[in-house]
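Visitor: Got a structure for you, query_2.cif, holding mmCIF, C-alpha atoms.
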data_work
loop_
_atom_site.group_PDB
_atom_site.id
_atom_site.type_symbol
_atom_site.label_atom_id
_atom_site.label_comp_id
_atom_site.auth_asym_id
_atom_site.auth_seq_id
_atom_site.Cartn_x
_atom_site.Cartn_y
_atom_site.Cartn_z
ATOM 1 C CA MET K 9 -2.369 47.587 13.381
ATOM 2 C CA MET K 10 -3.965 44.293 14.345
ATOM 3 C CA LEU K 11 -3.603 40.906 12.634
ATOM 4 C CA ALA K 12 -7.315 40.940 11.743
ATOM 5 C CA GLU K 13 -6.627 43.958 9.468
ATOM 6 C CA LEU K 14 -3.896 42.236 7.426
ATOM 7 C CA LYS K 15 -4.904 41.692 3.787
ATOM 8 C CA THR K 16 -4.481 38.442 1.879
ATOM 9 C CA GLY K 17 -0.949 38.139 0.520
ATOM 10 C CA GLN K 18 0.588 40.493 3.070
ATOM 11 C CA THR K 19 3.209 39.621 5.660
ATOM 12 C CA ALA K 20 3.824 41.447 8.923
ATOM 13 C CA THR K 21 5.826 41.065 12.105
ATOM 14 C CA ILE K 22 4.093 40.385 15.421
ATOM 15 C CA THR K 23 4.905 43.056 18.003
ATOM 16 C CA LYS K 24 2.514 42.265 20.859
ATOM 17 C CA VAL K 25 0.331 39.341 21.882
ATOM 18 C CA GLY K 26 -2.775 40.367 23.795
ATOM 19 C CA GLY K 27 -5.547 38.407 25.402
ATOM 20 C CA GLU K 28 -5.789 37.324 29.002
ATOM 21 C CA GLY K 29 -4.938 34.160 30.865
ATOM 22 C CA PRO K 30 -5.517 30.933 28.920
ATOM 23 C CA LEU K 31 -6.185 32.743 25.621
ATOM 24 C CA ARG K 32 -2.800 34.502 25.674
ATOM 25 C CA LEU K 33 -1.034 31.260 26.630
ATOM 26 C CA ARG K 34 -2.800 29.472 23.764
ATOM 27 C CA PHE K 35 -1.536 32.112 21.302
ATOM 28 C CA LEU K 36 2.015 31.709 22.596
ATOM 29 C CA ASP K 37 1.780 27.903 22.414
ATOM 30 C CA MET K 38 0.706 28.178 18.756
ATOM 31 C CA GLY K 39 3.861 30.159 17.961
ATOM 32 C CA LEU K 40 2.304 33.617 17.891
ATOM 33 C CA ILE K 41 5.150 35.382 19.651
ATOM 34 C CA PRO K 42 6.700 38.834 19.185
ATOM 35 C CA ARG K 43 9.261 39.293 16.353
ATOM 36 C CA THR K 44 7.730 36.414 14.352
ATOM 37 C CA ASP K 45 6.608 36.966 10.744
ATOM 38 C CA VAL K 46 3.057 36.017 9.818
ATOM 39 C CA THR K 47 1.435 35.890 6.350
ATOM 40 C CA HIS K 48 -2.296 36.128 5.646
ATOM 41 C CA VAL K 49 -2.941 33.197 3.284
ATOM 42 C CA LYS K 50 -6.718 33.308 2.792
ATOM 43 C CA THR K 51 -10.076 34.212 4.278
ATOM 44 C CA ALA K 52 -13.097 31.946 4.536
ATOM 45 C CA PRO K 53 -15.978 32.714 2.136
ATOM 46 C CA MET K 54 -18.057 34.424 4.829
ATOM 47 C CA GLY K 55 -15.061 36.494 6.011
ATOM 48 C CA ASP K 56 -14.279 34.544 9.178
ATOM 49 C CA PRO K 57 -11.980 32.726 10.026
ATOM 50 C CA ILE K 58 -8.672 33.650 8.391
ATOM 51 C CA GLU K 59 -5.789 31.341 7.556
ATOM 52 C CA ILE K 60 -2.273 32.514 8.334
ATOM 53 C CA ARG K 61 1.149 31.019 7.732
ATOM 54 C CA ILE K 62 3.562 31.191 10.641
ATOM 55 C CA ARG K 63 6.819 29.314 11.197
ATOM 56 C CA GLY K 64 6.182 27.107 8.150
ATOM 57 C CA TYR K 65 2.676 25.890 8.985
ATOM 58 C CA GLU K 66 -0.879 27.111 8.429
ATOM 59 C CA LEU K 67 -3.035 28.226 11.331
ATOM 60 C CA THR K 68 -6.697 29.266 11.328
ATOM 61 C CA LEU K 69 -7.878 32.048 13.643
ATOM 62 C CA ARG K 70 -11.219 33.720 14.164
ATOM 63 C CA LEU K 71 -11.190 37.473 13.543
ATOM 64 C CA GLU K 72 -12.038 38.061 17.208
ATOM 65 C CA GLU K 73 -8.859 36.197 18.180
ATOM 66 C CA ALA K 74 -6.769 37.950 15.504
ATOM 67 C CA ARG K 75 -7.765 41.321 16.986
ATOM 68 C CA ASN K 76 -5.594 40.464 20.012
ATOM 69 C CA ILE K 77 -2.378 40.237 17.954
ATOM 70 C CA GLU K 78 -0.614 43.523 17.216
ATOM 71 C CA ILE K 79 1.552 43.690 14.072
ATOM 72 C CA THR K 80 3.924 46.083 12.331
ATOM 73 C CA ASP K 81 6.151 46.227 9.227
ATOM 74 C CA VAL K 82 3.375 45.193 6.805
ATOM 75 C CA ARG K 83 4.650 44.227 3.358
ATOM 76 C CA ASP K 84 3.260 42.547 0.232
ATOM 77 C CA VAL K 85 4.773 39.128 -0.367
ATOM 78 C CA TRP K 86 2.698 37.899 -3.300
ATOM 79 C CA LYS K 87 -0.137 39.220 -5.380
ATOM 80 C CA VAL K 88 -3.575 37.657 -5.273
ATOM 81 C CA ASP K 89 -5.279 36.891 -8.582
ATOM 82 C CA SER K 90 -8.808 38.194 -8.063
ATOM 83 C CA SER K 91 -10.031 36.628 -11.320
ATOM 84 C CA ILE K 92 -10.088 33.131 -9.840
#
As a first step, turn the structure in this file into structure tokens.
Guide:
Amino acid sequence: MMLAELKTGQTATITKVGGEGPLRLRFLDMGLIPRTDVTHVKTAPMGDPIEIRIRGYELTLRLEEARNIEITDVRDVWKVDSSI
């Protein structure tokens, strides 16, 4: 499963960081490294970008970028109130 498929309120563990050259290095510099937990916090109104929480800070990624990050062990951390 890819990070772009993670639903709001779910947490997963990064297993593989894709991309080539500078893009992959940028991901690694931002803390997107294997065996790190990541939580999908929210999605922009038009569906792109997404905000994730990793290592105690929030990071915004475009869906195209998030499709390069492979995840596993998806679990629900908190429920989203859809009535808001």
Visitor: Run the PyMOL selection byres ((chain K and resi 9) around 8) on the file and write out the hits as a CSV table (one decimal) with C-alpha atoms, keeping the file's coordinate frame.
Guide:
chain,number,residue,atom,x,y,z
K,10,MET,CA,-4.0,44.3,14.3
K,11,LEU,CA,-3.6,40.9,12.6
K,13,GLU,CA,-6.6,44.0,9.5
K,78,GLU,CA,-0.6,43.5,17.2
K,79,ILE,CA,1.6,43.7,14.1
K,80,THR,CA,3.9,46.1,12.3
Visitor: Could you name the residues that touch K:Phe35 at 10 Å or less, counting all atoms listed in the file, but leaving out those on the same chain fewer than 6 positions away, as a list in words?
Guide: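 Skipping anything fewer than 6 positions along the chain leaves Val25, Gly26, Gly27, Ile41, Leu69, Glu73, Ala74, Asn76 and Ile77 of chain K.
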Visitor: Could the residues in this selection be saved with C-alpha atoms as a compact mmCIF listing (two decimals), in the frame of the given file?
Guide:
# COMPACT_ATOMS: atom_id res chain seq x y z
CA VAL K 25 0.33 39.34 21.88
CA GLY K 26 -2.78 40.37 23.80
CA GLY K 27 -5.55 38.41 25.40
CA ILE K 41 5.15 35.38 19.65
CA LEU K 69 -7.88 32.05 13.64
CA GLU K 73 -8.86 36.20 18.18
CA ALA K 74 -6.77 37.95 15.50
CA ASN K 76 -5.59 40.46 20.01
CA ILE K 77 -2.38 40.24 17.95
Visitor: Just the number, please: distance in Å from atom CA of K:Pro30 to atom CA of K:Val82, one decimal.
Guide: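 If I compute the distance from atom CA of K:Pro30 to atom CA of K:Val82, I get 27.8 Å.
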Visitor: Quick one: of K:Glu72, K:Glu66, K:Asp81, K:Ile60, who's nearest to K:Leu31, counting only C-alpha atoms?
Guide: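 Of K:Glu72, K:Glu66, K:Asp81, K:Ile60, the one nearest K:Leu31, counting only C-alpha atoms, is K:Glu72.
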Visitor: Step by step: start from the point (8.8, 36.2, 11.8) in the file's coordinates, keep every protein, DNA or RNA residue that has an atom no farther than 12 Å from it, count all atoms listed in the file, and write the set as a ChimeraX atom specification.
Guide: /K:19-23,39-47,61-64,79-82
Visitor: In Å, how far is it from atom CA of K:Ala12 to atom CA of K:Arg83?
Guide: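 Value for the atom CA of K:Ala12-atom CA of K:Arg83 distance: 15.0 Å.
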Visitor: What's the separation between atom CA of K:Leu14 and atom CA of K:Gly29, in Å to one decimal place?
Guide: 24.8 Å
Visitor: Considering only C-alpha atoms, can you say which of K:Lys24, K:Arg75, K:Arg34, K:Lys15 comes closest to K:Thr51?
Guide: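 Closest to K:Thr51, using only C-alpha atoms: K:Lys15.
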Visitor: Step by step, work through what the PyMOL selection byres ((chain K and resi 68) around 6) selects in the shown file, and finish by giving those residues as a VMD selection string.
Guide: chain K and resid 58 to 59 67 69
